[in-house]
Amino acid sequence: MANETAEARIPAHRRRFTRSQGVVLLVIALGGGLGAVSRYGILRWLPTAPGHFPWATFAINVLGCLLIGVLMVLITEVWTAHPLVRPFLGVGVLGGFTTFSTYAVEFDELLRPGGVVVAAAYLAGTLVCALLAVLLGVAVTRWAVSRKES
């Protein structure tokens with residue numbers, strides 16, 4: 001990986017990398033755009049009042065993590081997926097859908113006098129629920145696949 005980074009400084013190597021990875025970068029960008037637009041729509045549909053728990057971002061991040069768990073089982077254990085499925089859906093769509101930056105900004109905004117308890121609940125609750133969502137997505141998908149195979 002370090003050699004690839006160093007070689008990217010050489011124009012001929014950069015062109016070769018762009019040709020070989022250009023499609024991957026394109027599908028990530030397209031997927032990321034779809035995910036980000038979806039997130040934006042949900043955040044506009046379910047706005048958060050200042051000082052209140054940001055339920056929309058919380059739900060987006062937890063749902064995104066659940067879907068990442070499902071996707072990873074399906075494309076690594078169940079299907080022989082096209083090489084662009086994981087970059088498009090995992091990195092692109094779900095990466096654009098979930099949001100650490102909004103989570104961090106909302107946490108910071110909650111760190112005001114009287115909002116520390118809500119901020120702590122948001123900080124810890126999102127982390128715990130997101131991790132549990134990934135595990136649940138993996139477990140339920142594996143269970144569903146095993147029942148289908150029986």
# chains A, B, ... in the order shown; residues from 1 in each chain; ligands from 1
>>> residues_around(residues="Cys129 of chain A", least_positions_apart="5", cutoff="12 Å", atoms="only C-alpha atoms", output="PDB file with all heavy atoms, in the first residue's frame")
ATOM      1  N   PHE A  58     -29.693   9.566  14.602  1.00  0.00           N
ATOM      2  CA  PHE A  58     -29.544   8.312  15.352  1.00  0.00           C
ATOM      3  C   PHE A  58     -30.123   7.152  14.542  1.00  0.00           C
ATOM      4  O   PHE A  58     -29.467   6.127  14.336  1.00  0.00           O
ATOM      5  CB  PHE A  58     -30.250   8.441  16.709  1.00  0.00           C
ATOM      6  CG  PHE A  58     -30.262   7.177  17.513  1.00  0.00           C
ATOM      7  CD1 PHE A  58     -29.162   6.814  18.274  1.00  0.00           C
ATOM      8  CD2 PHE A  58     -31.375   6.354  17.518  1.00  0.00           C
ATOM      9  CE1 PHE A  58     -29.168   5.651  19.026  1.00  0.00           C
ATOM     10  CE2 PHE A  58     -31.395   5.186  18.268  1.00  0.00           C
ATOM     11  CZ  PHE A  58     -30.288   4.833  19.028  1.00  0.00           C
ATOM     12  N   ALA A  59     -31.345   7.311  14.054  1.00  0.00           N
ATOM     13  CA  ALA A  59     -32.005   6.248  13.285  1.00  0.00           C
ATOM     14  C   ALA A  59     -31.262   5.952  11.988  1.00  0.00           C
ATOM     15  O   ALA A  59     -31.108   4.791  11.602  1.00  0.00           O
ATOM     16  CB  ALA A  59     -33.450   6.644  12.994  1.00  0.00           C
ATOM     17  N   ILE A  60     -30.802   6.997  11.307  1.00  0.00           N
ATOM     18  CA  ILE A  60     -30.048   6.822  10.063  1.00  0.00           C
ATOM     19  C   ILE A  60     -28.789   5.990  10.317  1.00  0.00           C
ATOM     20  O   ILE A  60     -28.499   5.036   9.585  1.00  0.00           O
ATOM     21  CB  ILE A  60     -29.690   8.197   9.457  1.00  0.00           C
ATOM     22  CG1 ILE A  60     -30.925   8.843   8.853  1.00  0.00           C
ATOM     23  CG2 ILE A  60     -28.559   8.085   8.439  1.00  0.00           C
ATOM     24  CD1 ILE A  60     -30.772  10.317   8.544  1.00  0.00           C
ATOM     25  N   ASN A  61     -28.033   6.347  11.344  1.00  0.00           N
ATOM     26  CA  ASN A  61     -26.785   5.633  11.615  1.00  0.00           C
ATOM     27  C   ASN A  61     -27.034   4.194  12.054  1.00  0.00           C
ATOM     28  O   ASN A  61     -26.324   3.278  11.635  1.00  0.00           O
ATOM     29  CB  ASN A  61     -25.949   6.401  12.637  1.00  0.00           C
ATOM     30  CG  ASN A  61     -25.304   7.614  12.026  1.00  0.00           C
ATOM     31  OD1 ASN A  61     -25.049   7.679  10.835  1.00  0.00           O
ATOM     32  ND2 ASN A  61     -25.024   8.612  12.852  1.00  0.00           N
ATOM     33  N   VAL A  62     -28.050   3.977  12.879  1.00  0.00           N
ATOM     34  CA  VAL A  62     -28.350   2.614  13.327  1.00  0.00           C
ATOM     35  C   VAL A  62     -28.881   1.774  12.165  1.00  0.00           C
ATOM     36  O   VAL A  62     -28.445   0.636  11.962  1.00  0.00           O
ATOM     37  CB  VAL A  62     -29.326   2.632  14.532  1.00  0.00           C
ATOM     38  CG1 VAL A  62     -29.787   1.223  14.887  1.00  0.00           C
ATOM     39  CG2 VAL A  62     -28.650   3.289  15.743  1.00  0.00           C
ATOM     40  N   LEU A  63     -29.791   2.334  11.380  1.00  0.00           N
ATOM     41  CA  LEU A  63     -30.309   1.607  10.214  1.00  0.00           C
ATOM     42  C   LEU A  63     -29.192   1.304   9.223  1.00  0.00           C
ATOM     43  O   LEU A  63     -29.091   0.187   8.701  1.00  0.00           O
ATOM     44  CB  LEU A  63     -31.410   2.418   9.528  1.00  0.00           C
ATOM     45  CG  LEU A  63     -31.947   1.835   8.219  1.00  0.00           C
ATOM     46  CD1 LEU A  63     -32.578   0.461   8.453  1.00  0.00           C
ATOM     47  CD2 LEU A  63     -32.943   2.792   7.578  1.00  0.00           C
ATOM     48  N   GLY A  64     -28.328   2.281   8.963  1.00  0.00           N
ATOM     49  CA  GLY A  64     -27.205   2.065   8.055  1.00  0.00           C
ATOM     50  C   GLY A  64     -26.300   0.941   8.535  1.00  0.00           C
ATOM     51  O   GLY A  64     -25.851   0.113   7.737  1.00  0.00           O
ATOM     52  N   CYS A  65     -26.045   0.891   9.830  1.00  0.00           N
ATOM     53  CA  CYS A  65     -25.199  -0.174  10.384  1.00  0.00           C
ATOM     54  C   CYS A  65     -25.883  -1.535  10.278  1.00  0.00           C
ATOM     55  O   CYS A  65     -25.235  -2.538   9.967  1.00  0.00           O
ATOM     56  CB  CYS A  65     -24.834   0.150  11.830  1.00  0.00           C
ATOM     57  SG  CYS A  65     -23.622   1.482  11.945  1.00  0.00           S
ATOM     58  N   LEU A  66     -27.182  -1.574  10.518  1.00  0.00           N
ATOM     59  CA  LEU A  66     -27.931  -2.825  10.347  1.00  0.00           C
ATOM     60  C   LEU A  66     -27.804  -3.313   8.903  1.00  0.00           C
ATOM     61  O   LEU A  66     -27.511  -4.487   8.649  1.00  0.00           O
ATOM     62  CB  LEU A  66     -29.400  -2.606  10.703  1.00  0.00           C
ATOM     63  CG  LEU A  66     -30.310  -3.803  10.471  1.00  0.00           C
ATOM     64  CD1 LEU A  66     -30.171  -4.797  11.616  1.00  0.00           C
ATOM     65  CD2 LEU A  66     -31.750  -3.356  10.333  1.00  0.00           C
ATOM     66  N   ALA A 121     -26.059  10.658  26.374  1.00  0.00           N
ATOM     67  CA  ALA A 121     -26.945   9.583  25.906  1.00  0.00           C
ATOM     68  C   ALA A 121     -26.817   9.398  24.397  1.00  0.00           C
ATOM     69  O   ALA A 121     -26.784   8.266  23.899  1.00  0.00           O
ATOM     70  CB  ALA A 121     -28.390   9.897  26.281  1.00  0.00           C
ATOM     71  N   TYR A 122     -26.723  10.507  23.677  1.00  0.00           N
ATOM     72  CA  TYR A 122     -26.586  10.449  22.219  1.00  0.00           C
ATOM     73  C   TYR A 122     -25.247   9.834  21.825  1.00  0.00           C
ATOM     74  O   TYR A 122     -25.181   8.957  20.959  1.00  0.00           O
ATOM     75  CB  TYR A 122     -26.734  11.857  21.640  1.00  0.00           C
ATOM     76  CG  TYR A 122     -26.658  11.943  20.138  1.00  0.00           C
ATOM     77  CD1 TYR A 122     -27.459  11.148  19.328  1.00  0.00           C
ATOM     78  CD2 TYR A 122     -25.805  12.844  19.518  1.00  0.00           C
ATOM     79  CE1 TYR A 122     -27.403  11.253  17.947  1.00  0.00           C
ATOM     80  CE2 TYR A 122     -25.753  12.957  18.140  1.00  0.00           C
ATOM     81  CZ  TYR A 122     -26.548  12.150  17.357  1.00  0.00           C
ATOM     82  OH  TYR A 122     -26.499  12.244  15.992  1.00  0.00           O
ATOM     83  N   LEU A 123     -24.183  10.275  22.473  1.00  0.00           N
ATOM     84  CA  LEU A 123     -22.847   9.777  22.174  1.00  0.00           C
ATOM     85  C   LEU A 123     -22.758   8.274  22.407  1.00  0.00           C
ATOM     86  O   LEU A 123     -22.394   7.512  21.515  1.00  0.00           O
ATOM     87  CB  LEU A 123     -21.810  10.506  23.025  1.00  0.00           C
ATOM     88  CG  LEU A 123     -20.356  10.108  22.814  1.00  0.00           C
ATOM     89  CD1 LEU A 123     -19.863  10.616  21.469  1.00  0.00           C
ATOM     90  CD2 LEU A 123     -19.492  10.673  23.938  1.00  0.00           C
ATOM     91  N   ALA A 124     -23.110   7.836  23.604  1.00  0.00           N
ATOM     92  CA  ALA A 124     -23.005   6.420  23.951  1.00  0.00           C
ATOM     93  C   ALA A 124     -24.088   5.593  23.264  1.00  0.00           C
ATOM     94  O   ALA A 124     -23.818   4.489  22.778  1.00  0.00           O
ATOM     95  CB  ALA A 124     -23.091   6.256  25.467  1.00  0.00           C
ATOM     96  N   VAL A 134     -25.180  -3.763  13.691  1.00  0.00           N
ATOM     97  CA  VAL A 134     -24.343  -4.556  12.781  1.00  0.00           C
ATOM     98  C   VAL A 134     -24.426  -6.030  13.167  1.00  0.00           C
ATOM     99  O   VAL A 134     -24.651  -6.896  12.310  1.00  0.00           O
ATOM    100  CB  VAL A 134     -22.871  -4.091  12.794  1.00  0.00           C
ATOM    101  CG1 VAL A 134     -21.995  -5.047  11.993  1.00  0.00           C
ATOM    102  CG2 VAL A 134     -22.734  -2.686  12.233  1.00  0.00           C
ATOM    103  N   LEU A 135     -24.263  -6.315  14.455  1.00  0.00           N
ATOM    104  CA  LEU A 135     -24.334  -7.705  14.922  1.00  0.00           C
ATOM    105  C   LEU A 135     -25.699  -8.318  14.646  1.00  0.00           C
ATOM    106  O   LEU A 135     -25.792  -9.477  14.234  1.00  0.00           O
ATOM    107  CB  LEU A 135     -24.009  -7.771  16.412  1.00  0.00           C
ATOM    108  CG  LEU A 135     -22.584  -7.382  16.801  1.00  0.00           C
ATOM    109  CD1 LEU A 135     -22.435  -7.346  18.323  1.00  0.00           C
ATOM    110  CD2 LEU A 135     -21.565  -8.319  16.175  1.00  0.00           C
ATOM    111  N   LEU A 136     -26.761  -7.558  14.866  1.00  0.00           N
ATOM    112  CA  LEU A 136     -28.109  -8.046  14.590  1.00  0.00           C
ATOM    113  C   LEU A 136     -28.291  -8.311  13.099  1.00  0.00           C
ATOM    114  O   LEU A 136     -28.845  -9.347  12.709  1.00  0.00           O
ATOM    115  CB  LEU A 136     -29.148  -7.030  15.077  1.00  0.00           C
ATOM    116  CG  LEU A 136     -30.608  -7.407  14.847  1.00  0.00           C
ATOM    117  CD1 LEU A 136     -30.975  -8.648  15.660  1.00  0.00           C
ATOM    118  CD2 LEU A 136     -31.510  -6.241  15.206  1.00  0.00           C
ATOM    119  N   GLY A 137     -27.824  -7.396  12.254  1.00  0.00           N
ATOM    120  CA  GLY A 137     -27.917  -7.588  10.811  1.00  0.00           C
ATOM    121  C   GLY A 137     -27.206  -8.856  10.360  1.00  0.00           C
ATOM    122  O   GLY A 137     -27.735  -9.636   9.565  1.00  0.00           O
TER     123      GLY A 137
END
>>> residues_around(residues="Pro50 of chain A", least_positions_apart="3", cutoff="9 Å", atoms="only C-alpha atoms", output="list in words")
Phe53, Pro54, Glu109 and Leu110 of chain A
>>> write_last_selection(atoms="C-alpha atoms", output="compact mmCIF listing (two decimals), in the first residue's frame")
# COMPACT_ATOMS: atom_id res chain seq x y z
CA PHE A 53 -32.08 14.20 21.03
CA PRO A 54 -31.33 13.97 17.26
CA GLU A 109 -24.32 21.25 19.86
CA LEU A 110 -25.83 19.26 22.73
>>> closest_residue(among="A:Ile42, A:Ala104, A:Ala139, A:Ala144", to="Leu127 of chain A", atoms="only C-alpha atoms")
A:Ala104
>>> residues_around(residues="Thr141 of chain A", least_positions_apart="2", cutoff="12 Å", atoms="only C-alpha atoms", output="list in words")
Leu66, Leu67, Ile68, Gly69, Val70, Leu71, Met72, Val73, Leu74, Ile75, Thr76, Glu77, Val78, Ala133, Val134, Leu135, Leu136, Gly137, Val138, Ala139, Trp143, Ala144, Val145, Ser146, Arg147 and Lys148 of chain A
>>> residues_around(residues="Gly31 of chain A", least_positions_apart="2", cutoff="8 Å", atoms="only C-alpha atoms", output="list in words")
Val27, Ile28, Ala29, Gly33, Leu34, Gly35, Phe88, Leu89, Val91, Gly92, Val93, Leu94 and Gly96 of chain A
>>> write_last_selection(atoms="N, CA, C and O atoms", output="mmCIF file, in the first residue's frame")
data_model
loop_
_atom_site.group_PDB
_atom_site.id
_atom_site.type_symbol
_atom_site.label_atom_id
_atom_site.label_comp_id
_atom_site.auth_asym_id
_atom_site.auth_seq_id
_atom_site.Cartn_x
_atom_site.Cartn_y
_atom_site.Cartn_z
ATOM 1 N N VAL A 27 -18.468 4.315 -9.187
ATOM 2 C CA VAL A 27 -19.618 3.684 -8.517
ATOM 3 C C VAL A 27 -19.692 4.101 -7.050
ATOM 4 O O VAL A 27 -20.790 4.251 -6.505
ATOM 5 N N ILE A 28 -18.546 4.321 -6.412
ATOM 6 C CA ILE A 28 -18.556 4.820 -5.034
ATOM 7 C C ILE A 28 -19.168 6.221 -4.999
ATOM 8 O O ILE A 28 -20.014 6.526 -4.143
ATOM 9 N N ALA A 29 -18.773 7.064 -5.937
ATOM 10 C CA ALA A 29 -19.306 8.429 -5.987
ATOM 11 C C ALA A 29 -20.815 8.428 -6.249
ATOM 12 O O ALA A 29 -21.572 9.155 -5.592
ATOM 13 N N GLY A 33 -23.560 9.574 -3.485
ATOM 14 C CA GLY A 33 -24.546 10.614 -3.767
ATOM 15 C C GLY A 33 -25.957 10.157 -3.427
ATOM 16 O O GLY A 33 -26.726 10.892 -2.800
ATOM 17 N N LEU A 34 -26.295 8.929 -3.800
ATOM 18 C CA LEU A 34 -27.624 8.392 -3.480
ATOM 19 C C LEU A 34 -27.834 8.290 -1.970
ATOM 20 O O LEU A 34 -28.895 8.654 -1.455
ATOM 21 N N GLY A 35 -26.824 7.799 -1.281
ATOM 22 C CA GLY A 35 -26.927 7.672 0.172
ATOM 23 C C GLY A 35 -27.052 9.014 0.859
ATOM 24 O O GLY A 35 -27.873 9.204 1.769
ATOM 25 N N PHE A 88 -20.174 0.001 -4.410
ATOM 26 C CA PHE A 88 -21.363 0.817 -4.661
ATOM 27 C C PHE A 88 -22.278 0.856 -3.443
ATOM 28 O O PHE A 88 -22.637 1.936 -2.963
ATOM 29 N N LEU A 89 -22.664 -0.314 -2.938
ATOM 30 C CA LEU A 89 -23.620 -0.352 -1.825
ATOM 31 C C LEU A 89 -22.970 -0.089 -0.467
ATOM 32 O O LEU A 89 -23.498 0.694 0.330
ATOM 33 N N VAL A 91 -19.567 1.007 0.500
ATOM 34 C CA VAL A 91 -18.797 2.252 0.653
ATOM 35 C C VAL A 91 -19.621 3.443 0.179
ATOM 36 O O VAL A 91 -19.687 4.475 0.849
ATOM 37 N N GLY A 92 -20.284 3.291 -0.965
ATOM 38 C CA GLY A 92 -21.016 4.402 -1.558
ATOM 39 C C GLY A 92 -22.337 4.693 -0.870
ATOM 40 O O GLY A 92 -22.455 5.644 -0.100
ATOM 41 N N VAL A 93 -23.354 3.870 -1.139
ATOM 42 C CA VAL A 93 -24.701 4.152 -0.638
ATOM 43 C C VAL A 93 -24.732 4.207 0.890
ATOM 44 O O VAL A 93 -25.160 5.203 1.477
ATOM 45 N N LEU A 94 -24.273 3.147 1.543
ATOM 46 C CA LEU A 94 -24.357 3.128 3.012
ATOM 47 C C LEU A 94 -23.336 4.055 3.661
ATOM 48 O O LEU A 94 -23.602 4.616 4.726
ATOM 49 N N GLY A 96 -22.459 6.939 2.339
ATOM 50 C CA GLY A 96 -23.049 8.262 2.174
ATOM 51 C C GLY A 96 -24.288 8.451 3.025
ATOM 52 O O GLY A 96 -24.629 9.566 3.415
#
